[in-house]
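Engineer: Please read through the structure below; I'll follow up with questions.
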Amino acid sequence: MRTVDEHRAVVAALLPPTPVEARPLADALGLVLAEDLRAAVALPPFDNSAMDGYAVRAQDVADAPVRLPVAEDIPAGRTDAPRLEPGTAHRIMTGAPMPPGADAVVQVEHTDGGTETVRIDRSVSEGTHVRRAGEDAEAGTLVLRAGTVLGAAQLGLAAAVGTATVRVRRPPRVLVLSTGSELVAPGEPLAHGQIYESNGVMLAAAVTEAGGIAEQLRFVPDDVEEFLAVLADRISRGDGVDLVLTSGGVSAGAYEVVKDALASRGVEFVRVGMQPGGPQGAGRVSGLAGAASGAARADSSVITPGDETPVVTLPGNPVSSQVSFEVFVRPALRSAMGHPAPYRPIVRARLAETLRSPAGRRQFRRGELDTTAGTVRTVGGPGSHLLSALARANCLIVLGEDDQLHEEGSEVDVWLLER
Ligand code: AMP
Ligand code: MG
């Protein structure tokens with residue numbers, strides 16, 4: 001039996017860092033900067049007014065109240081702000097360039113708002129309400145380090161310093177393929193013995209949440225030929241697939257379609273010391289060439305013999321599938337994208353109840369963390385089919401493989417599942 005950490009390493013090794021590419025800022029949300037980003041211009045690029053008001057020389061308003069002639073109007077965007085002569089004021093708006101000769105701004109609320117002449121009611125010191133060029137960032141300085149995750153604020157900053165495209169690791173493209181002869185698409189009628197297919201949408205969403213690009217393939221019955229044909233047809237299209245994620249058909253039963261199809265094609269099937277999610281498989285699939293359906297096979301040039309697409313095969317029980325994704329696939333996808341924190345945030349919390357876990361297996365229970373109290377309790381039982389409990393949980397409780405009894409009040413690791 002393989003340990004969780006061993007299988008994690010096997011899956012991680014299947015996903016090397018994705019290539020670096022230039023992307024427009026609008027397509028870079030959530031991606032990781034691959035190179036340091038320097039400011040092309042200073043921020044702000046020029047001295048400008050922080051207020052709507054009047055640009056003045058502080059010494060001219062020292063004896064306020066005073067009345068000054070208004071010589072010019074400088075709205076934001078004016079590029080030729082004329083010089084301020086001593087003893088005059090320029091009306092100025094927030095973000096407009098400070099005129100040469102002015103050294104302070106009196107906000108409009110402290111004036112009569114005049115346009116020909118203005119009464120200044122208060123004195124100001126030099127530099128009042130002036131935003132200095134380079135105050136936020138000097139031109140040429142490093143503003144975002146390689147490894148920074150690009151969220152809203154980081155993208156805003158990149159734009160503000162004049163960046164049009166950023167160099168990031170491209171998101172991995174992941175195919176999701178569900179298996180099972182009992183599966184029916186939601187929205188279709190359900191016969192006795194059939195269930196709705198739920199792993200496909202769930203795993204595809206999990207890939208998207210992790211930052212990857214998910215593509216759901218048509219789910220297939222427990223039929224080796226059909227499974228291989230769907231896979232081979234898609235892979236033969238040739239536009240880079242970084243990972244295939246299957247669900248179902250990997251345990252010890254009689255109709256284990258994924259195992260039957262891929263065991264001889266480069267995928268290793270193992271038992272991992274965890275619950276849920278014992279049966280797992282991973283490898284690089286080869287020899288799909290002969291498996292394509294008629295159309296794809298006819299054009300033999302599209303199948304690359306010896307293609308080596310990474311495949312991770314997850315168990316079919318929905319909770320097993322999703323927990324396995326959390327444990328093995330999510331960190332591997334995020335590492336491949338250069339993410340500085342590939343793992344879920346882990347906190348320690350006290351158990352609000354006594355729990356038992358199986359010997360020699362790391363158990364991942366669905367939990368509800370009370371952050372105020374610092375305690376955690378389970379949501380639903382350990383059964384790997386209890387999807388509604390998973391949907392209510394806000395964390396996974398990790399019960400180590402070395403202990404079977406976990407007393408109320410003892411501390412455990414908790415993985416935070418934020419949405
Ligand atoms: P398997 O791993 O194929 O033996 O499936 C284990 C259990 O998970 C069975 O009860 C299946 O019906 C269920 N299951 C497998 N795949 C899916 C799926 N895509 N959606 C919902 N349930 C599934
Ligand atoms: Mg099945």
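Each chain in the structure tokens gets a letter, A, B and so on, in the order shown; residues start at 1 in every chain, and ligands are counted from 1 in the order they appear.
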With a cut-off of 10 Å, could you pull out the residues of chain A touching ligand 1 and give me the nearest pair of atoms for each, distance in Å to one decimal, using only C-alpha atoms and all ligand atoms, ordered by chain and ascending number, as JSON lines?

Structural biologist:
{"residue": "A:Leu177", "atom": "CA", "partner": "ligand 1", "partner_atom_place_in_ligand_line": "19 (N)", "distance": 8.3}
{"residue": "A:Ser178", "atom": "CA", "partner": "ligand 1", "partner_atom_place_in_ligand_line": "19 (N)", "distance": 4.8}
{"residue": "A:Thr179", "atom": "CA", "partner": "ligand 1", "partner_atom_place_in_ligand_line": "16 (N)", "distance": 5.8}
{"residue": "A:Gly180", "atom": "CA", "partner": "ligand 1", "partner_atom_place_in_ligand_line": "16 (N)", "distance": 5.6}
{"residue": "A:Ser181", "atom": "CA", "partner": "ligand 1", "partner_atom_place_in_ligand_line": "12 (O)", "distance": 8.4}
{"residue": "A:Glu182", "atom": "CA", "partner": "ligand 1", "partner_atom_place_in_ligand_line": "12 (O)", "distance": 6.2}
{"residue": "A:Leu183", "atom": "CA", "partner": "ligand 1", "partner_atom_place_in_ligand_line": "18 (C)", "distance": 6.5}
{"residue": "A:Val184", "atom": "CA", "partner": "ligand 1", "partner_atom_place_in_ligand_line": "20 (N)", "distance": 8.6}
{"residue": "A:Ala185", "atom": "CA", "partner": "ligand 1", "partner_atom_place_in_ligand_line": "20 (N)", "distance": 9.3}
{"residue": "A:Gly193", "atom": "CA", "partner": "ligand 1", "partner_atom_place_in_ligand_line": "12 (O)", "distance": 9.2}
{"residue": "A:Gln194", "atom": "CA", "partner": "ligand 1", "partner_atom_place_in_ligand_line": "12 (O)", "distance": 8.0}
{"residue": "A:Ile195", "atom": "CA", "partner": "ligand 1", "partner_atom_place_in_ligand_line": "21 (C)", "distance": 6.6}
{"residue": "A:Tyr196", "atom": "CA", "partner": "ligand 1", "partner_atom_place_in_ligand_line": "21 (C)", "distance": 6.0}
{"residue": "A:Glu197", "atom": "CA", "partner": "ligand 1", "partner_atom_place_in_ligand_line": "20 (N)", "distance": 3.8}
{"residue": "A:Ser198", "atom": "CA", "partner": "ligand 1", "partner_atom_place_in_ligand_line": "20 (N)", "distance": 4.0}
{"residue": "A:Asn199", "atom": "CA", "partner": "ligand 1", "partner_atom_place_in_ligand_line": "19 (N)", "distance": 4.1}
{"residue": "A:Gly200", "atom": "CA", "partner": "ligand 1", "partner_atom_place_in_ligand_line": "19 (N)", "distance": 5.8}
{"residue": "A:Val201", "atom": "CA", "partner": "ligand 1", "partner_atom_place_in_ligand_line": "19 (N)", "distance": 8.7}
{"residue": "A:Met202", "atom": "CA", "partner": "ligand 1", "partner_atom_place_in_ligand_line": "20 (N)", "distance": 8.9}
{"residue": "A:Leu203", "atom": "CA", "partner": "ligand 1", "partner_atom_place_in_ligand_line": "19 (N)", "distance": 9.4}
{"residue": "A:Phe219", "atom": "CA", "partner": "ligand 1", "partner_atom_place_in_ligand_line": "19 (N)", "distance": 7.7}
{"residue": "A:Val220", "atom": "CA", "partner": "ligand 1", "partner_atom_place_in_ligand_line": "19 (N)", "distance": 9.4}
{"residue": "A:Pro221", "atom": "CA", "partner": "ligand 1", "partner_atom_place_in_ligand_line": "16 (N)", "distance": 9.9}
{"residue": "A:Asp222", "atom": "CA", "partner": "ligand 1", "partner_atom_place_in_ligand_line": "3 (O)", "distance": 8.4}
{"residue": "A:Thr246", "atom": "CA", "partner": "ligand 1", "partner_atom_place_in_ligand_line": "19 (N)", "distance": 9.0}
{"residue": "A:Ser247", "atom": "CA", "partner": "ligand 1", "partner_atom_place_in_ligand_line": "16 (N)", "distance": 5.9}
{"residue": "A:Gly248", "atom": "CA", "partner": "ligand 1", "partner_atom_place_in_ligand_line": "3 (O)", "distance": 3.4}
{"residue": "A:Gly249", "atom": "CA", "partner": "ligand 1", "partner_atom_place_in_ligand_line": "3 (O)", "distance": 3.9}
{"residue": "A:Val250", "atom": "CA", "partner": "ligand 1", "partner_atom_place_in_ligand_line": "2 (O)", "distance": 5.7}
{"residue": "A:Ser251", "atom": "CA", "partner": "ligand 1", "partner_atom_place_in_ligand_line": "4 (O)", "distance": 5.9}
{"residue": "A:Ala252", "atom": "CA", "partner": "ligand 1", "partner_atom_place_in_ligand_line": "4 (O)", "distance": 8.1}
{"residue": "A:Gly253", "atom": "CA", "partner": "ligand 1", "partner_atom_place_in_ligand_line": "4 (O)", "distance": 7.0}
{"residue": "A:Ala254", "atom": "CA", "partner": "ligand 1", "partner_atom_place_in_ligand_line": "4 (O)", "distance": 9.4}
{"residue": "A:Tyr255", "atom": "CA", "partner": "ligand 1", "partner_atom_place_in_ligand_line": "4 (O)", "distance": 8.3}
{"residue": "A:Glu256", "atom": "CA", "partner": "ligand 1", "partner_atom_place_in_ligand_line": "3 (O)", "distance": 6.8}
{"residue": "A:Val257", "atom": "CA", "partner": "ligand 1", "partner_atom_place_in_ligand_line": "3 (O)", "distance": 8.1}
{"residue": "A:Val258", "atom": "CA", "partner": "ligand 1", "partner_atom_place_in_ligand_line": "3 (O)", "distance": 8.7}
{"residue": "A:Gly277", "atom": "CA", "partner": "ligand 1", "partner_atom_place_in_ligand_line": "2 (O)", "distance": 9.4}
{"residue": "A:Pro279", "atom": "CA", "partner": "ligand 1", "partner_atom_place_in_ligand_line": "2 (O)", "distance": 8.4}
{"residue": "A:Gln280", "atom": "CA", "partner": "ligand 1", "partner_atom_place_in_ligand_line": "2 (O)", "distance": 9.8}
{"residue": "A:Thr313", "atom": "CA", "partner": "ligand 1", "partner_atom_place_in_ligand_line": "2 (O)", "distance": 9.8}
{"residue": "A:Leu314", "atom": "CA", "partner": "ligand 1", "partner_atom_place_in_ligand_line": "2 (O)", "distance": 7.8}
{"residue": "A:Pro315", "atom": "CA", "partner": "ligand 1", "partner_atom_place_in_ligand_line": "2 (O)", "distance": 4.5}
{"residue": "A:Gly316", "atom": "CA", "partner": "ligand 1", "partner_atom_place_in_ligand_line": "2 (O)", "distance": 3.3}
{"residue": "A:Asn317", "atom": "CA", "partner": "ligand 1", "partner_atom_place_in_ligand_line": "8 (O)", "distance": 3.3}
{"residue": "A:Pro318", "atom": "CA", "partner": "ligand 1", "partner_atom_place_in_ligand_line": "22 (N)", "distance": 5.5}
{"residue": "A:Val319", "atom": "CA", "partner": "ligand 1", "partner_atom_place_in_ligand_line": "8 (O)", "distance": 8.7}
{"residue": "A:Ser320", "atom": "CA", "partner": "ligand 1", "partner_atom_place_in_ligand_line": "8 (O)", "distance": 8.4}
{"residue": "A:Ser321", "atom": "CA", "partner": "ligand 1", "partner_atom_place_in_ligand_line": "16 (N)", "distance": 8.5}
{"residue": "A:Ser384", "atom": "CA", "partner": "ligand 1", "partner_atom_place_in_ligand_line": "8 (O)", "distance": 8.4}
{"residue": "A:His385", "atom": "CA", "partner": "ligand 1", "partner_atom_place_in_ligand_line": "8 (O)", "distance": 7.0}
{"residue": "A:Leu387", "atom": "CA", "partner": "ligand 1", "partner_atom_place_in_ligand_line": "21 (C)", "distance": 9.5}

Engineer: DSSP says strand (DSSP E or B) for which residues of region 53-280 of chain A? Put them as a VMD selection string?

Structural biologist: chain A and resid 53 to 56 66 to 74 89 to 92 97 104 to 107 111 117 to 120 130 to 131 137 142 to 144 149 165 to 169 173 to 179 183 to 184 195 to 196 213 to 216 220 243 to 247 267 to 272 274 to 275 279 to 280

Engineer: Do a neighbour search on region 212-216 of chain A at 10 Å with only C-alpha atoms, toss out local chain neighbours closer than 4 positions, and write the hits as a PyMOL selection string.

Structural biologist: chain A and resi 30-31+170-178+200-201+203-208+241-245+330+333-334+336-337

Engineer: Between CA of Ala34 (chain A) and CA of Arg344 (chain A), what distance in Å does the model show, to one decimal?

Structural biologist: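 Between CA of Ala34 (chain A) and CA of Arg344 (chain A) the gap is 21.3 Å.
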
Engineer: Please return as a PyMOL selection string: the residues of region 159-288 of chain A that backbone DSSP assigns to helix (DSSP H, G or I).

Structural biologist: chain A and resi 159-160+199-210+224-236+257-265

Engineer: Tell me, as a list in words, which residues lie within 8 Å of Arg167 (chain A), counting only C-alpha atoms; anything in the same chain fewer than 2 positions away does not count.

Structural biologist: Val20, Glu21, Ala22, Arg23, Leu33, Ala34, Glu35, Thr165 and Arg169 of chain A

Engineer: Find, counting only C-alpha atoms, the residue in A:Gly400, A:Gly162, A:Pro24, A:Pro382 that gets nearest to Pro45 (chain A).

Structural biologist: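 Closest to Pro45 (chain A), using only C-alpha atoms: A:Gly162.
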
Engineer: For Met98 (chain A), work out the shell of residues within 7 Å, counting only C-alpha atoms and skipping chain neighbours fewer than 6 positions away, then give it as an mmCIF file with C-alpha atoms, in the first residue's frame.

Structural biologist:
data_model
loop_
_atom_site.group_PDB
_atom_site.id
_atom_site.type_symbol
_atom_site.label_atom_id
_atom_site.label_comp_id
_atom_site.auth_asym_id
_atom_site.auth_seq_id
_atom_site.Cartn_x
_atom_site.Cartn_y
_atom_site.Cartn_z
ATOM 1 C CA ASP A 47 3.116 65.805 -9.473
ATOM 2 C CA ASN A 48 -0.660 66.191 -9.350
ATOM 3 C CA SER A 49 -3.472 67.518 -7.242
#
